[in-house]
Structures are given as structure tokens and as C-alpha cells.
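This is final36.pdb. It holds PDB, C-alpha atoms and all ligand atoms.
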ATOM      1  CA  ARG M   1     -10.341 120.455  25.427
ATOM      2  CA  ASN M   2     -11.065 116.746  25.009
ATOM      3  CA  LYS M   3     -10.162 114.934  21.804
ATOM      4  CA  ILE M   4     -12.810 115.415  19.121
ATOM      5  CA  THR M   5     -14.126 112.073  17.898
ATOM      6  CA  ILE M   6     -16.527 110.942  15.214
ATOM      7  CA  ASN M   7     -19.199 110.951  17.953
ATOM      8  CA  THR M   8     -18.557 114.632  18.700
ATOM      9  CA  LEU M   9     -19.121 115.340  15.001
ATOM     10  CA  ARG M  10     -22.318 113.264  14.923
ATOM     11  CA  ASN M  11     -23.640 115.139  17.967
ATOM     12  CA  LEU M  12     -22.901 118.541  16.440
ATOM     13  CA  TYR M  13     -24.678 117.476  13.258
ATOM     14  CA  LYS M  14     -27.707 116.215  15.223
ATOM     15  CA  LYS M  15     -27.926 119.511  17.112
ATOM     16  CA  GLY M  16     -27.590 121.509  13.899
ATOM     17  CA  THR M  17     -24.362 123.172  15.067
ATOM     18  CA  PRO M  18     -22.176 124.096  12.073
ATOM     19  CA  ILE M  19     -18.949 122.065  11.940
ATOM     20  CA  THR M  20     -15.711 123.902  11.195
ATOM     21  CA  MET M  21     -12.806 122.340   9.360
ATOM     22  CA  VAL M  22      -9.589 123.991   8.294
ATOM     23  CA  THR M  23      -6.601 122.573   6.458
ATOM     24  CA  ALA M  24      -3.097 122.347   7.882
ATOM     25  CA  HIS M  25       0.129 121.144   6.336
ATOM     26  CA  ASP M  26       2.782 121.316   9.056
ATOM     27  CA  PHE M  27       3.343 121.607  12.817
ATOM     28  CA  PRO M  28       2.557 125.341  13.301
ATOM     29  CA  SER M  29      -0.477 125.381  10.994
ATOM     30  CA  GLY M  30      -1.803 122.275  12.769
ATOM     31  CA  LEU M  31      -1.195 123.806  16.171
ATOM     32  CA  ALA M  32      -2.867 127.105  15.221
ATOM     33  CA  ALA M  33      -5.980 125.364  13.887
ATOM     34  CA  ASP M  34      -6.160 123.133  16.945
ATOM     35  CA  LEU M  35      -5.724 125.967  19.454
ATOM     36  CA  ALA M  36      -8.279 128.063  17.529
ATOM     37  CA  GLY M  37     -10.746 125.290  18.284
ATOM     38  CA  VAL M  38     -11.963 123.974  14.926
ATOM     39  CA  GLU M  39     -13.410 120.475  15.183
ATOM     40  CA  ILE M  40     -11.614 119.000  12.174
ATOM     41  CA  VAL M  41      -8.112 119.569  10.859
ATOM     42  CA  LEU M  42      -7.761 118.343   7.291
ATOM     43  CA  VAL M  43      -4.383 117.545   5.833
ATOM     44  CA  GLY M  44      -5.713 118.266   2.368
ATOM     45  CA  ASP M  45      -3.799 117.377  -0.758
ATOM     46  CA  SER M  46      -4.047 121.113  -1.484
ATOM     47  CA  LEU M  47      -0.762 121.093   0.439
ATOM     48  CA  ALA M  48       0.761 120.268  -2.941
ATOM     49  CA  MET M  49      -0.123 123.826  -3.974
ATOM     50  CA  VAL M  50       0.091 125.775  -0.720
ATOM     51  CA  ALA M  51       3.138 124.133   0.841
ATOM     52  CA  LEU M  52       5.055 122.608  -2.062
ATOM     53  CA  GLY M  53       4.432 125.142  -4.835
ATOM     54  CA  LEU M  54       3.038 122.566  -7.264
ATOM     55  CA  GLU M  55       0.504 123.527  -9.917
ATOM     56  CA  ASP M  56      -2.225 121.109  -8.839
ATOM     57  CA  THR M  57      -2.693 118.157  -6.507
ATOM     58  CA  ASN M  58      -1.997 115.455  -9.086
ATOM     59  CA  GLN M  59       1.724 115.049  -8.456
ATOM     60  CA  LEU M  60       1.467 114.538  -4.716
ATOM     61  CA  THR M  61       2.846 111.194  -3.491
ATOM     62  CA  LEU M  62       1.604 109.195  -0.532
ATOM     63  CA  ASP M  63       5.039 109.461   1.105
ATOM     64  CA  ALA M  64       4.951 113.275   0.889
ATOM     65  CA  MET M  65       1.411 113.279   2.259
ATOM     66  CA  ILE M  66       2.394 111.099   5.211
ATOM     67  CA  HIS M  67       5.396 113.319   5.961
ATOM     68  CA  HIS M  68       3.042 116.317   6.308
ATOM     69  CA  CYS M  69       0.373 114.343   8.219
ATOM     70  CA  LYS M  70       2.942 113.400  10.873
ATOM     71  CA  ALA M  71       3.903 117.047  11.396
ATOM     72  CA  VAL M  72       0.270 118.209  11.596
ATOM     73  CA  ALA M  73      -0.621 115.429  14.040
ATOM     74  CA  ARG M  74       2.158 116.564  16.395
ATOM     75  CA  GLY M  75       0.619 120.056  16.449
ATOM     76  CA  ALA M  76      -3.114 119.287  16.321
ATOM     77  CA  GLN M  77      -3.596 116.975  19.259
ATOM     78  CA  THR M  78      -7.292 117.468  20.049
ATOM     79  CA  SER M  79      -8.934 117.958  16.643
ATOM     80  CA  PHE M  80     -10.357 115.131  14.567
ATOM     81  CA  LEU M  81      -7.666 114.553  11.947
ATOM     82  CA  ILE M  82      -8.461 113.699   8.348
ATOM     83  CA  GLY M  83      -5.909 113.005   5.635
ATOM     84  CA  ASP M  84      -6.580 113.200   1.900
ATOM     85  CA  LEU M  85      -5.788 110.102  -0.115
ATOM     86  CA  PRO M  86      -3.625 111.462  -2.956
ATOM     87  CA  MET M  87      -4.578 110.782  -6.562
ATOM     88  CA  GLY M  88      -3.360 107.336  -7.600
ATOM     89  CA  THR M  89      -3.403 105.813  -4.123
ATOM     90  CA  TYR M  90      -7.005 104.550  -3.982
ATOM     91  CA  GLU M  91      -8.603 104.380  -7.451
ATOM     92  CA  THR M  92      -6.813 101.202  -8.581
ATOM     93  CA  SER M  93      -8.585  98.833  -6.168
ATOM     94  CA  PRO M  94     -10.279  98.656  -2.766
ATOM     95  CA  SER M  95      -7.228  96.862  -1.388
ATOM     96  CA  ASP M  96      -4.888  99.598  -2.634
ATOM     97  CA  ALA M  97      -7.215 102.075  -0.917
ATOM     98  CA  ILE M  98      -6.986 100.075   2.332
ATOM     99  CA  ARG M  99      -3.205  99.936   2.133
ATOM    100  CA  SER M 100      -2.917 103.698   1.527
ATOM    101  CA  SER M 101      -5.461 104.539   4.226
ATOM    102  CA  LEU M 102      -3.711 102.358   6.793
ATOM    103  CA  ARG M 103      -0.482 104.232   6.103
ATOM    104  CA  LEU M 104      -2.231 107.587   6.631
ATOM    105  CA  ILE M 105      -3.614 106.288   9.915
ATOM    106  CA  GLN M 106      -0.671 104.288  11.246
ATOM    107  CA  GLU M 107       2.255 106.380  10.028
ATOM    108  CA  GLY M 108       0.514 109.728   9.512
ATOM    109  CA  ARG M 109      -1.531 109.467  12.743
ATOM    110  CA  MET M 110      -4.789 110.447  11.015
ATOM    111  CA  ASN M 111      -8.221 109.498  12.398
ATOM    112  CA  ALA M 112      -9.965 109.261   9.022
ATOM    113  CA  VAL M 113      -9.331 109.581   5.293
ATOM    114  CA  LYS M 114     -10.944 111.612   2.517
ATOM    115  CA  LEU M 115     -11.308 110.604  -1.117
ATOM    116  CA  GLU M 116     -12.774 112.343  -4.159
ATOM    117  CA  GLY M 117     -15.579 110.892  -6.231
ATOM    118  CA  GLY M 118     -19.060 109.371  -6.307
ATOM    119  CA  VAL M 119     -20.806 106.192  -7.281
ATOM    120  CA  GLU M 120     -17.635 104.655  -8.766
ATOM    121  CA  LEU M 121     -16.108 104.618  -5.250
ATOM    122  CA  VAL M 122     -18.943 102.686  -3.589
ATOM    123  CA  PRO M 123     -17.053  99.347  -3.333
ATOM    124  CA  THR M 124     -13.959 101.151  -2.042
ATOM    125  CA  ILE M 125     -15.872 103.089   0.630
ATOM    126  CA  LYS M 126     -17.653  99.904   1.746
ATOM    127  CA  HIS M 127     -14.330  98.115   1.988
ATOM    128  CA  LEU M 128     -12.627 100.886   3.994
ATOM    129  CA  THR M 129     -15.500 101.380   6.430
ATOM    130  CA  SER M 130     -15.883  97.618   6.964
ATOM    131  CA  PHE M 131     -12.347  97.642   8.358
ATOM    132  CA  GLY M 132     -13.048 100.551  10.692
ATOM    133  CA  ILE M 133     -11.595 103.351   8.633
ATOM    134  CA  PRO M 134     -13.867 106.415   8.744
ATOM    135  CA  VAL M 135     -14.229 107.952   5.294
ATOM    136  CA  LEU M 136     -15.126 111.541   4.414
ATOM    137  CA  GLY M 137     -16.388 111.840   0.840
ATOM    138  CA  HIS M 138     -15.824 114.744  -1.558
ATOM    139  CA  VAL M 139     -18.234 115.548  -4.385
ATOM    140  CA  GLY M 140     -18.996 118.507  -6.651
ATOM    141  CA  LEU M 141     -15.711 119.956  -7.831
ATOM    142  CA  THR M 142     -13.127 117.219  -7.347
ATOM    143  CA  PRO M 143      -9.762 118.945  -7.935
ATOM    144  CA  GLN M 144      -7.887 115.684  -8.570
ATOM    145  CA  ARG M 145     -10.012 115.358 -11.731
ATOM    146  CA  ASN M 146      -9.331 118.869 -13.032
ATOM    147  CA  ASN M 147      -8.084 117.363 -16.310
ATOM    148  CA  SER M 148     -11.438 115.789 -17.145
ATOM    149  CA  LEU M 149     -13.458 118.671 -15.692
ATOM    150  CA  GLY M 150     -11.607 121.158 -17.899
ATOM    151  CA  GLY M 151     -10.102 122.964 -14.916
ATOM    152  CA  PHE M 152     -11.252 123.945 -11.425
ATOM    153  CA  ARG M 153     -14.845 124.610 -12.402
ATOM    154  CA  VAL M 154     -18.110 125.011 -10.552
ATOM    155  CA  GLN M 155     -20.216 121.826 -10.744
ATOM    156  CA  GLY M 156     -23.976 121.337 -10.587
ATOM    157  CA  LYS M 157     -24.948 124.413 -12.589
ATOM    158  CA  THR M 158     -27.122 122.462 -15.018
ATOM    159  CA  VAL M 159     -29.914 120.014 -14.166
ATOM    160  CA  GLU M 160     -27.819 117.114 -15.428
ATOM    161  CA  SER M 161     -24.762 118.116 -13.464
ATOM    162  CA  ALA M 162     -26.823 118.848 -10.325
ATOM    163  CA  LYS M 163     -28.431 115.415 -10.602
ATOM    164  CA  LYS M 164     -24.989 113.851 -10.770
ATOM    165  CA  VAL M 165     -23.916 115.650  -7.586
ATOM    166  CA  LEU M 166     -27.034 114.415  -5.757
ATOM    167  CA  HIS M 167     -26.720 110.889  -7.150
ATOM    168  CA  ASP M 168     -23.057 110.687  -6.094
ATOM    169  CA  ALA M 169     -23.807 112.107  -2.644
ATOM    170  CA  LEU M 170     -26.553 109.544  -2.020
ATOM    171  CA  ALA M 171     -24.417 106.697  -3.350
ATOM    172  CA  ILE M 172     -21.429 107.415  -1.116
ATOM    173  CA  GLN M 173     -23.701 107.969   1.893
ATOM    174  CA  GLU M 174     -25.207 104.537   1.256
ATOM    175  CA  ALA M 175     -21.671 103.123   1.005
ATOM    176  CA  GLY M 176     -20.865 104.432   4.481
ATOM    177  CA  VAL M 177     -19.137 107.831   4.486
ATOM    178  CA  PHE M 178     -19.592 109.706   7.786
ATOM    179  CA  GLY M 179     -19.887 112.997   5.910
ATOM    180  CA  MET M 180     -18.759 114.652   2.732
ATOM    181  CA  VAL M 181     -17.151 117.765   1.360
ATOM    182  CA  LEU M 182     -19.320 119.613  -1.157
ATOM    183  CA  GLU M 183     -17.040 121.789  -3.269
ATOM    184  CA  ALA M 184     -17.958 124.587  -5.662
ATOM    185  CA  VAL M 185     -21.649 123.950  -6.290
ATOM    186  CA  PRO M 186     -24.514 126.468  -6.321
ATOM    187  CA  GLU M 187     -26.067 127.130  -2.911
ATOM    188  CA  GLU M 188     -29.465 125.772  -4.013
ATOM    189  CA  ILE M 189     -27.890 122.438  -4.876
ATOM    190  CA  SER M 190     -25.844 122.087  -1.715
ATOM    191  CA  ARG M 191     -28.854 123.029   0.424
ATOM    192  CA  MET M 192     -31.019 120.454  -1.315
ATOM    193  CA  VAL M 193     -28.340 117.753  -1.131
ATOM    194  CA  THR M 194     -27.759 118.534   2.567
ATOM    195  CA  GLU M 195     -31.484 118.211   3.285
ATOM    196  CA  LYS M 196     -31.677 114.819   1.551
ATOM    197  CA  LEU M 197     -28.723 113.375   3.453
ATOM    198  CA  ASN M 198     -28.461 112.121   7.013
ATOM    199  CA  VAL M 199     -24.713 112.732   7.264
ATOM    200  CA  PRO M 200     -23.098 116.186   7.462
ATOM    201  CA  THR M 201     -21.962 118.145   4.427
ATOM    202  CA  ILE M 202     -18.892 120.336   4.796
ATOM    203  CA  GLY M 203     -19.049 123.072   2.194
ATOM    204  CA  ILE M 204     -16.355 124.979   0.351
ATOM    205  CA  GLY M 205     -17.720 127.357  -2.240
ATOM    206  CA  ALA M 206     -21.103 125.726  -1.666
ATOM    207  CA  GLY M 207     -22.905 128.580   0.069
ATOM    208  CA  ALA M 208     -24.608 128.641   3.439
ATOM    209  CA  GLY M 209     -26.850 125.570   3.220
ATOM    210  CA  THR M 210     -24.327 122.948   4.355
ATOM    211  CA  SER M 211     -23.736 121.359   7.775
ATOM    212  CA  GLY M 212     -20.301 122.937   8.081
ATOM    213  CA  GLN M 213     -17.606 124.864   6.269
ATOM    214  CA  VAL M 214     -13.976 124.260   5.323
ATOM    215  CA  LEU M 215     -11.298 126.599   4.034
ATOM    216  CA  VAL M 216      -7.687 126.138   3.054
ATOM    217  CA  GLN M 217      -5.726 127.769   5.879
ATOM    218  CA  CYS M 218      -3.209 129.565   3.638
ATOM    219  CA  ASP M 219      -6.078 131.056   1.602
ATOM    220  CA  MET M 220      -8.172 132.271   4.552
ATOM    221  CA  LEU M 221      -5.115 133.761   6.270
ATOM    222  CA  GLY M 222      -3.837 135.457   3.129
ATOM    223  CA  ASN M 223      -0.564 133.552   3.126
ATOM    224  CA  TRP M 224      -0.016 134.357  -0.543
ATOM    225  CA  PRO M 225       1.673 137.216  -2.393
ATOM    226  CA  GLU M 226      -0.480 140.049  -3.697
ATOM    227  CA  GLY M 227      -2.127 139.251  -7.029
ATOM    228  CA  ARG M 228      -2.446 135.494  -6.548
ATOM    229  CA  PHE M 229      -5.728 134.125  -7.956
ATOM    230  CA  MET M 230      -8.225 133.333  -5.216
ATOM    231  CA  PRO M 231     -11.543 131.549  -5.737
ATOM    232  CA  LYS M 232     -14.631 133.710  -5.184
ATOM    233  CA  PHE M 233     -15.627 131.820  -2.039
ATOM    234  CA  VAL M 234     -12.496 132.646  -0.022
ATOM    235  CA  ARG M 235     -12.847 135.210   2.744
ATOM    236  CA  LYS M 236      -9.441 136.596   3.673
ATOM    237  CA  TYR M 237      -9.416 136.817   7.473
ATOM    238  CA  ARG M 238      -5.807 137.976   7.765
ATOM    239  CA  ASP M 239      -2.916 139.149   5.564
ATOM    240  CA  ILE M 240      -0.190 136.810   6.773
ATOM    241  CA  PHE M 241       2.044 136.949   3.717
ATOM    242  CA  LYS M 242       2.289 140.732   3.937
ATOM    243  CA  GLU M 243       3.013 140.522   7.677
ATOM    244  CA  SER M 244       5.775 137.967   7.079
ATOM    245  CA  MET M 245       7.365 139.919   4.264
ATOM    246  CA  GLU M 246       7.284 143.207   6.145
ATOM    247  CA  GLY M 247       8.848 141.537   9.185
ATOM    248  CA  ILE M 248      11.706 140.158   7.110
ATOM    249  CA  GLN M 249      12.204 143.511   5.356
ATOM    250  CA  GLN M 250      12.432 145.251   8.715
ATOM    251  CA  PHE M 251      15.018 142.702   9.878
ATOM    252  CA  LYS M 252      17.129 143.435   6.818
ATOM    253  CA  GLU M 253      16.886 147.217   7.313
ATOM    254  CA  GLU M 254      17.752 146.967  10.998
ATOM    255  CA  VAL M 255      20.789 144.813  10.279
ATOM    256  CA  ARG M 256      21.974 147.316   7.648
ATOM    257  CA  SER M 257      21.416 150.270   9.981
ATOM    258  CA  ALA M 258      22.928 148.439  12.996
ATOM    259  CA  GLN M 259      19.671 148.660  14.980
ATOM    260  CA  TYR M 260      19.685 144.905  15.344
ATOM    261  CA  PRO M 261      20.938 143.196  17.426
ATOM    262  CA  ALA M 262      20.533 145.477  20.461
ATOM    263  CA  VAL M 263      22.033 145.001  23.921
ATOM    264  CA  GLU M 264      19.109 142.873  25.105
ATOM    265  CA  HIS M 265      19.834 140.320  22.386
ATOM    266  CA  THR M 266      23.461 139.740  23.422
ATOM    267  CA  TYR M 267      25.049 137.422  26.002
ATOM    268  CA  PRO M 268      26.890 139.261  28.795
ATOM    269  CA  MET M 269      30.386 138.261  29.929
ATOM    270  CA  PRO M 270      31.621 139.281  33.423
ATOM    271  CA  ALA M 271      33.779 142.446  33.142
ATOM    272  CA  ALA M 272      36.688 140.779  34.971
ATOM    273  CA  GLU M 273      36.737 137.967  32.416
ATOM    274  CA  VAL M 274      36.640 140.467  29.574
ATOM    275  CA  ASP M 275      39.648 142.304  31.056
ATOM    276  CA  LYS M 276      41.624 139.070  31.484
ATOM    277  CA  PHE M 277      40.733 138.005  27.969
ATOM    278  CA  LYS M 278      41.999 141.319  26.547
ATOM    279  CA  GLU M 279      45.414 140.961  28.250
TER     280      GLU M 279
HETATM  281  O1  LIG D 301      -7.187 119.551  -0.230
HETATM  282  C1  LIG D 301      -7.982 120.304   0.353
HETATM  283  O2  LIG D 301      -7.596 121.313   0.968
HETATM  284  C2  LIG D 301      -9.407 119.968   0.321
HETATM  285  C3  LIG D 301     -10.373 120.929   0.931
HETATM  286  C4  LIG D 301     -10.423 122.192   0.161
HETATM  287  C5  LIG D 301     -11.701 120.329   1.113
HETATM  288  O3  LIG D 301      -9.740 118.936  -0.185
HETATM  289 NA    NA D 302      -8.149 117.839  -1.327
END
Please re-express this file's structure in C-alpha cells.
Ligand code: KIV
Ligand code: NA
Amino acid sequence: RNKITINTLRNLYKKGTPITMVTAHDFPSGLAADLAGVEIVLVGDSLAMVALGLEDTNQLTLDAMIHHCKAVARGAQTSFLIGDLPMGTYETSPSDAIRSSLRLIQEGRMNAVKLEGGVELVPTIKHLTSFGIPVLGHVGLTPQRNNSLGGFRVQGKTVESAKKVLHDALAIQEAGVFGMVLEAVPEEISRMVTEKLNVPTIGIGAGAGTSGQVLVQCDMLGNWPEGRFMPKFVRKYRDIFKESMEGIQQFKEEVRSAQYPAVEHTYPMPAAEVDKFKE
């Protein structure tokens, strides 16, 4: 297929076609998402948790992010590529945000960046977009702020909190985002916010009223051991971790029982050479 651009996304939004986005964190996960045909591949900072085993996204460095973006970009060649700006790489000033975003684009080969927050990011978003950097916003539950939110909690459940979500969404739209992630808000709120906006909303845990949906690839494919906590909104489309583990177990058993390797896995040597070698 042809490369997905910001125009492709605008056209889908205009036609009311739901946009699909999935995260990726390395070459194979980028390739799989791309070949599956999603429009957007997000190198989310959730890679801190799903690929690096960290407790939250707060420790992720820009260098680590770029390392993963490069790998994803080699695999996902036709999707629109968005990289998360890690915590600490854009809050300090609009020029820090530009510097970090340019690295994600130039070194990481991303097409756009994502940042978490609302009205406080208006000058930053204006600055980035004025230099031709497309920005995807992220409001509702903003995981980078889990310390001030008291954990990974649903937002917008009270009138006050819902008003904040709407206010932030309108403010960042005005500042120039081409769309925004709406995370963990009640469906009524995301539907209402989506109706008031003229840019697409990509929901995660935001119900069915958004312009598109995103899931973390490792979550949706079940690439976690049994018993791992999963948010309510995750649908598990496959059980990849179990498949992987069972495959490795079978390898071990077959090595122990001498079923592996079999003849077809070995390199033949001409019989005459074998005879000479044995002499
Ligand atoms: O980091 C991430 O994976 C995200 C998505 C869940 C939107 O920000
Ligand atoms: Na993220």
C-alpha cells in the first residue's frame, strides 16, 4: 500500500471511517502492525513497561526511545509513524520540545510526535506545529502524570474532571494538534468531546464514541504471563505469551528426548568425503 500521510488520516476522519492505531516497540512488532494494515503505528512510551520491564513510563530516556523508534521505522514502512515524547523531554520549554521532537523525527524516523497534557502545553504545541512538526495530543488519563493522579485512574468521572478534559481538548486543538488520544474516560465524555472537536480522537478505554481506537500491541496480543493485571478496556485478540512459552518448552523436551534436531535440520556431507575423513 502507499505511505499513509496526515492527509490520509484527515480524509478518513472526514468520511467518518474509524482510524486504527497500534503500538510497536521493535522491528517485528512494527512490521506486524504495518502488514496488518493499521493506519498509525505509535512508538508509545509504554515500551518502558512492555519492552523494558520498567514499572511506569517515567524513567524512559529520549535515547532509549529513539533506539526503539529506529527499529520500528525499519519494520513499519507504510504506516504513519508517531513517537511519544518521554517525560522530561518537552515540559521544560518549547525549545526543548522542538529539540526532542527533531531527534524523534530525524534520528528515530518518526512522522509526528505525541505529548501528554492540556492547556499548559498550548505554547509548546504552537511552537512545534509552526515548525512543521505534526503533534498528536493526549488527554484524559495521562500516564506520565500517574504520581499526581494517584495512579493510573479513570478521568472525567465527575463534572469538574469532565470539564477539564473538554477544556484541555479544545485548548490543544486550538493550539494545532492534528488529533488526540483520549485515554480512560467515560464513553459519554469521549463522545461529547469528539462531537465538539474538528480533529480526530483516538480512544483507549474511552468507549465507542471516538474517531478511532488504539491498543498497546503486547496487551491486545496477550504477550504477558498469566495473571498480569490488564485494564478493563483491553480485548485480548491472541495469547502470544502462552504460544511462545509452549514453543520453547517443546524445544527443550525435544532436545532432551533427541527428537530435535532431525535429519532435515542437518547439513549433508558427500559419503566419499565422510569415508576419507574417517581414514
Ligand atoms: O504509550 C502508549 O502506548 C500510549 C498509548 C496507549 C496511547 O500512549
Ligand atoms: Na504513551
- Task: Residues within 12 Å of ligand NA 302 (chain D) should be enumerated using only C-alpha atoms and all ligand atoms and returned as a PyMOL selection string.
- Result: chain M and resi 22-25+42-50+56-58+60+65+82-87+113-117+136-139+141-146+180-183+204+214-216
Taking the file as I've supplied it (selection: the PyMOL selection byres (((chain M and resi 230-238) around 10) and not hetatm)), which residues are included? Please answer as a PDB file with C-alpha atoms, in the coordinates of the input.
ATOM      1  CA  PHE M 152     -11.252 123.945 -11.425  1.00  0.00           C
ATOM      2  CA  ALA M 184     -17.958 124.587  -5.662  1.00  0.00           C
ATOM      3  CA  ILE M 204     -16.355 124.979   0.351  1.00  0.00           C
ATOM      4  CA  GLY M 205     -17.720 127.357  -2.240  1.00  0.00           C
ATOM      5  CA  ALA M 206     -21.103 125.726  -1.666  1.00  0.00           C
ATOM      6  CA  GLY M 207     -22.905 128.580   0.069  1.00  0.00           C
ATOM      7  CA  LEU M 215     -11.298 126.599   4.034  1.00  0.00           C
ATOM      8  CA  VAL M 216      -7.687 126.138   3.054  1.00  0.00           C
ATOM      9  CA  GLN M 217      -5.726 127.769   5.879  1.00  0.00           C
ATOM     10  CA  CYS M 218      -3.209 129.565   3.638  1.00  0.00           C
ATOM     11  CA  ASP M 219      -6.078 131.056   1.602  1.00  0.00           C
ATOM     12  CA  MET M 220      -8.172 132.271   4.552  1.00  0.00           C
ATOM     13  CA  LEU M 221      -5.115 133.761   6.270  1.00  0.00           C
ATOM     14  CA  GLY M 222      -3.837 135.457   3.129  1.00  0.00           C
ATOM     15  CA  ASN M 223      -0.564 133.552   3.126  1.00  0.00           C
ATOM     16  CA  TRP M 224      -0.016 134.357  -0.543  1.00  0.00           C
ATOM     17  CA  GLY M 227      -2.127 139.251  -7.029  1.00  0.00           C
ATOM     18  CA  ARG M 228      -2.446 135.494  -6.548  1.00  0.00           C
ATOM     19  CA  PHE M 229      -5.728 134.125  -7.956  1.00  0.00           C
ATOM     20  CA  ASP M 239      -2.916 139.149   5.564  1.00  0.00           C
ATOM     21  CA  ILE M 240      -0.190 136.810   6.773  1.00  0.00           C
ATOM     22  CA  PHE M 241       2.044 136.949   3.717  1.00  0.00           C
ATOM     23  CA  LYS M 242       2.289 140.732   3.937  1.00  0.00           C
ATOM     24  CA  GLU M 243       3.013 140.522   7.677  1.00  0.00           C
TER      25      GLU M 243
END
- Item | Counting all atoms listed in the file, the residue of M:Gly75, M:Gly209, M:Gly140, M:Gly156 that sits nearest ligand LIG 301 (chain D) |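 Closest to ligand LIG 301 (chain D), using all atoms listed in the file: M:Gly140.
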- Message: Please determine, counting only C-alpha atoms and all ligand atoms, which residue among M:Thr194, M:Thr201, M:Gln259, M:Asn111 has the shortest atom-to-atom distance to ligand LIG 301 (chain D).
- Response: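 Closest residue, counting only C-alpha atoms and all ligand atoms: M:Thr201.
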- Task: Evaluate the PyMOL selection byres (((chain M and resi 4) around 12) and not hetatm) and record the selected residues as an NGL selection string, following the chain and residue labels used in the document.
- Result: :M and (1-3 or 5-12 or 19-21 or 34 or 37-41 or 76-82 or 111)
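The nearest approach to ligand LIG 301 (chain D) among the residues M:Pro268, M:Gly212, M:Gly203, M:Pro28, with all atoms listed in the file taken into account, belongs to M:Gly203.
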- Expanded to explicit residues, what is the PyMOL selection byres (((chain M and resi 127) around 12) and not hetatm) for this file, as a ChimeraX atom specification? /M:90,93-99,101,121-126,128-135,175-177
- Nearest to M:Thr92 by atom-to-atom distance, counting only C-alpha atoms, from M:Glu120, M:Phe277, M:Ala36, M:Ala71: M:Glu120
Output, as lines of an AutoDock Vina configuration file, the centre and edge lengths in Å (one decimal) of the axis-aligned box that contains all listed atoms of ligand LIG 301 (chain D) with 3 Å of margin on each side.
center_x = -9.4
center_y = 120.6
center_z = 0.4
size_x = 10.5
size_y = 9.3
size_z = 7.3
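Note that the spacing between atom CA of M:Lys15 and atom C3 of ligand LIG 301 (chain D) amounts to 23.9 Å.
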- Quick one: everything within 9 Å of M:Val165, counting all atoms listed in the file, minus sequence neighbours fewer than 2 positions away in the same chain. Send it as a list in words. Gly118, Val139, Gly140, Gln155, Gly156, Glu160, Ser161, Ala162, Lys163, His167, Asp168, Ala169, Leu170, Leu182, Val185, Ile189, Ser190 and Val193 of chain M
- Would you work out the distance separating atom CA of M:Gln173 from atom O2 of ligand LIG 301 (chain D), expressed in Å to one decimal? 20.9 Å
Show me the residues around (3.1, 117.9, 8.0) - criterion: an atom at most 7 Å away, only C-alpha atoms counted - as a PDB file with C-alpha atoms, keeping the file's coordinate frame.
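Okay, this is what ended up in part_32.pdb:
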ATOM      1  CA  HIS M  25       0.129 121.144   6.336  1.00  0.00           C
ATOM      2  CA  ASP M  26       2.782 121.316   9.056  1.00  0.00           C
ATOM      3  CA  PHE M  27       3.343 121.607  12.817  1.00  0.00           C
ATOM      4  CA  HIS M  67       5.396 113.319   5.961  1.00  0.00           C
ATOM      5  CA  HIS M  68       3.042 116.317   6.308  1.00  0.00           C
ATOM      6  CA  CYS M  69       0.373 114.343   8.219  1.00  0.00           C
ATOM      7  CA  LYS M  70       2.942 113.400  10.873  1.00  0.00           C
ATOM      8  CA  ALA M  71       3.903 117.047  11.396  1.00  0.00           C
ATOM      9  CA  VAL M  72       0.270 118.209  11.596  1.00  0.00           C
TER      10      VAL M  72
END
- Using only C-alpha atoms and all ligand atoms, which residue out of M:Gln249, M:Thr89, M:Ser257, M:Gln213 lies closest to ligand LIG 301 (chain D)?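 Nearest candidate to ligand LIG 301 (chain D) out of M:Gln249, M:Thr89, M:Ser257, M:Gln213: M:Gln213.
What separates atom CA of M:Ala33 from atom CA of M:Gly179 is a distance of 20.2 Å.
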Written record: stretch 53-98 of chain M, C-alpha atoms, as a compact mmCIF listing (two decimals), in the first residue's frame:
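And here's selection-v5.txt as it stands now:
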# COMPACT_ATOMS: atom_id res chain seq x y z
CA GLY M 53 10.15 -4.24 32.17
CA LEU M 54 10.00 -0.87 33.93
CA GLU M 55 7.23 -0.05 36.39
CA ASP M 56 5.92 3.03 34.59
CA THR M 57 6.90 5.33 31.74
CA ASN M 58 8.67 7.93 33.88
CA GLN M 59 12.19 6.53 33.64
CA LEU M 60 12.30 6.31 29.87
CA THR M 61 15.08 8.38 28.26
CA LEU M 62 14.96 10.06 24.87
CA ASP M 63 17.95 7.99 23.73
CA ALA M 64 16.14 4.73 24.59
CA MET M 65 13.03 5.99 22.82
CA ILE M 66 14.98 6.85 19.68
CA HIS M 67 16.67 3.44 19.69
CA HIS M 68 13.23 1.77 19.58
CA CYS M 69 11.80 4.26 17.05
CA LYS M 70 14.59 3.42 14.61
CA ALA M 71 13.82 -0.30 14.84
CA VAL M 72 10.06 0.22 14.41
CA ALA M 73 10.60 2.53 11.43
CA ARG M 74 12.63 -0.16 9.66
CA GLY M 75 9.69 -2.56 10.03
CA ALA M 76 6.70 -0.23 9.57
CA GLN M 77 7.40 1.39 6.24
CA THR M 78 3.91 2.41 5.11
CA SER M 79 2.12 3.40 8.32
CA PHE M 80 2.06 6.93 9.70
CA LEU M 81 4.65 6.81 12.48
CA ILE M 82 4.21 8.65 15.76
CA GLY M 83 6.72 8.71 18.59
CA ASP M 84 5.92 9.61 22.20
CA LEU M 85 7.97 12.40 23.73
CA PRO M 86 9.20 10.86 27.00
CA MET M 87 8.55 12.62 30.29
CA GLY M 88 11.16 15.32 30.86
CA THR M 89 11.91 15.95 27.19
CA TYR M 90 9.27 18.60 26.40
CA GLU M 91 7.82 20.17 29.57
CA THR M 92 10.82 22.40 30.34
CA SER M 93 10.38 24.75 27.36
CA PRO M 94 9.05 24.93 23.80
CA SER M 95 12.62 24.88 22.51
CA ASP M 96 13.44 21.73 24.48
CA ALA M 97 10.30 20.22 22.95
CA ILE M 98 11.50 21.19 19.46
